[in-house]
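Just below is one structure, and these are the notes that go with it.
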Amino acid sequence: MIIKVLLTVIFLIVMVGVGLYSRKQAKSVDGFVLGGRSVGPWLTAFAFGTSYFSAVVFVGYAGQFGWKYGLSSAWIGIGNAVIGSLLAWIILGRRTKLMTQHIESRTMPDFFGTRFQDQGLRVVASIIAFVFLIPYTAGVYSGISRLFEMGFSIPYEYCVVIMSVLTAVYVILGGYKATAMNDFIQGIIMLFGIVAVIAAVLSAQGGLVAAVDKLAAIPSDADPTVNGGFASWFGPDPWGLLGVVILTSLGTMGLPQMVGKFYSITDESAIKRGTVISTIFAFIVAGGCYFLGGFGRLYDPVIGTNGKIAFDSIVPAMLVTLPDVLIALVVLLVLSASMSTLASLVLTSASTMTLDLIYRDKKSLDGEVEEGTIDDVVAEKIERRKVVIMRVLIVFFIAISLLIALNPPTFIAQLMGISWGALAGAFLAPFMMGLYWKRVTTASVWACFVWGVGLTVINMLLGNPINPINCGAIAMLGGFPVVFLVSLFTPKLPQKDVEQIFLCYKK
């Protein structure tokens, strides 16, 4: 216990120290939200990866899908690396950086409002982002708290509160630069941690071959007379597995907290290096998490109060017998993954609400602006006020998420499915197509917002007749034909304006 507490305290002191170190760079809006658009490839790549993978993946998804699909769940991690990281950087990295800088966009809702010339899109997109980032944040809290419960025997409620306070401290102090620097430190811990934990778990089962043999001897849930499904290449349910791969991989390209990383990177050469770094990171961390979860059936399941398997307790049950030093490493691993994701989520939500709702129109700032111009003193005053409001909203956002986490409505994977389904279902297609296709119309973006959010909410209200994971995948993929077809039959944006926007790619 002394080792676990000591390592955790050192880790937390470093996180807060980075926040203090970065506070001077967080005085302006660009500094607080984007790190001055000068964050290098290593910090950006690790920020992307650590925001991607949190306790939701390590505890919730690895446990649930490892139990359901066995070793084939490792395909989810491979999909995350190839589609969610490699393709995301190749498809979005350069174009997002250039266009958002050209049109002076700081957030994804800001991009929609400026690119498609409709401030209503900006307002609605910011509301969607704020509302649906909350369940994801609650899921992250839930995951890390279960690990703390296992490692330190601290009640769940205390863990959640401690997590929220510490995250708020370093994000409020240092903004995006502090988040990115901490993400790098946390990413290093995650890389070493996942490798060490996999080695320890396999060793406890007699090695890789022995563990796979044990898994192959377990009968299928659908047909108890058939063994080997959980040790096969594509598992007992290939189509269900494909839905999870799509949701968790394609979704990154439509999430504000992920896409925002491309806004802040320094230049195009940094994007090329970041692509390689991010992909390798995802392959090790995500692939390792799901590979580890695939052996979950070798351990006795934890039965919840409802008589069903508590999926969120599967991974903690696998780890509880490890030596204290490794448990301390696991706690730091998941703490690192979760705090980086939480920091990204709360910063994205607060900046979106501030810049896209409260201060979206500079010409209406209480008479401070005359004839569309702002003098230096007034501009500096407005910048400081925006940063203050963002810091207040960070506290507000964390408080709401904390209330949900203290009484979570469902297990982690469903929380993430609802969040990613609505956000990426609404944003992915219009954002990606808006970077490439000049003919995307304003009406098609509205239609995709209705499609993504509508499908997710209706499915939820009906009691999830479609599994939230599969519903999220349908929402994402369905957005592309929605945007394409509506764009064919609705009024186009002025050609001159569109050409001016796309000039950024010719420079």
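Scheme for the structure tokens: letters A, B, ... for chains in order shown; per-chain residue numbers from 1; ligand numbers from 1 in order shown.
By only C-alpha atoms, and with residues fewer than 3 positions from region 122-127 of chain A along its chain excluded, the set lying at most 8 Å from it is A:Met108, A:Pro109, A:Asp110, A:Phe111, A:Phe112, A:Gly113, A:Asp118, A:Gln119, A:Phe130, A:Val131, A:Ser349, A:Thr352, A:Met353, A:Asp356, A:Leu357, A:Phe449.
Going from CA of Ala422 (chain A) to CA of Leu347 (chain A) covers 19.2 Å.
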**Item:** Ile83 (chain A) surroundings by only C-alpha atoms, 12 Å radius, close-in-sequence under 3 positions cut, as a list in words
**Value:** Trp75, Ile76, Gly77, Ile78, Gly79, Asn80, Leu86, Leu87, Ala88, Trp89, Ile90, Ile91, Leu92, Val245, Ile246, Leu247, Thr248, Ser249, Leu250, Gly251, Thr252, Met253, Thr275, Ser278, Thr279, Ala282 and Phe283 of chain A
**Item:** Using only C-alpha atoms: which of A:Pro238, A:Ala475, A:Thr321, A:Thr137 has the shortest distance to Val197 (chain A)
**Value:**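 Of A:Pro238, A:Ala475, A:Thr321, A:Thr137, the one nearest Val197 (chain A), counting only C-alpha atoms, is A:Thr321.
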Within 10 Å of region 334-341 of chain A, which residues of region 234-294 of chain A come that close, and what is the closest atom pair and distance in Å for each? Count only C-alpha atoms and give it as JSON lines.
```
{"residue": "A:Gln257", "atom": "CA", "partner": "A:Thr341", "partner_atom": "CA", "distance": 8.8}
{"residue": "A:Met258", "atom": "CA", "partner": "A:Thr341", "partner_atom": "CA", "distance": 9.8}
{"residue": "A:Val285", "atom": "CA", "partner": "A:Ala337", "partner_atom": "CA", "distance": 10.0}
```
**Prompt:** So which residues of region 220-362 of chain A fall under strand (DSSP E or B) by DSSP, listed as a PyMOL selection string?
**Reply:** chain A and resi 227+265+303+309
**Request:** Going by DSSP on the backbone, which bits of region 253-469 of chain A are alpha helix (DSSP H)? Write them as an MDAnalysis selection string, please.
**Result:** chainID A and resid 256:264 268:293 314:319 324:353 376:406 412:436 442:461 468:469
**Message:** If I take CA of Val259 (chain A) and CA of Thr96 (chain A), how far is one from the other in Å, to one decimal?
**Reply:**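 A separation of 7.9 Å between them.
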**Asked** Do you know which residues are at most 8 Å from region 438-441 of chain A counting only C-alpha atoms, after dropping those on the same chain fewer than 3 positions away, and could you put them as JSON, numbers by chain?
**Response** {"A": [116, 430, 433, 434, 435, 444, 445, 483, 484, 486, 487, 490, 491, 492, 493, 498, 499, 502]}
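Computed from the coordinates, the CA of Ile398 (chain A) to CA of Ala47 (chain A) distance equals 19.7 Å.
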**Asked** Excluding same-chain residues fewer than 5 positions from Leu322 (chain A), what lies within 12 Å of it counting only C-alpha atoms, as a PyMOL selection string?
**Response** chain A and resi 150-151+196-205+315-317+327-331
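With only C-alpha atoms as the atoms that count, the minimum distance from Gly175 (chain A) to the choices A:Ile128, A:Val346, A:Leu298, A:Ile189 is reached by A:Val346.
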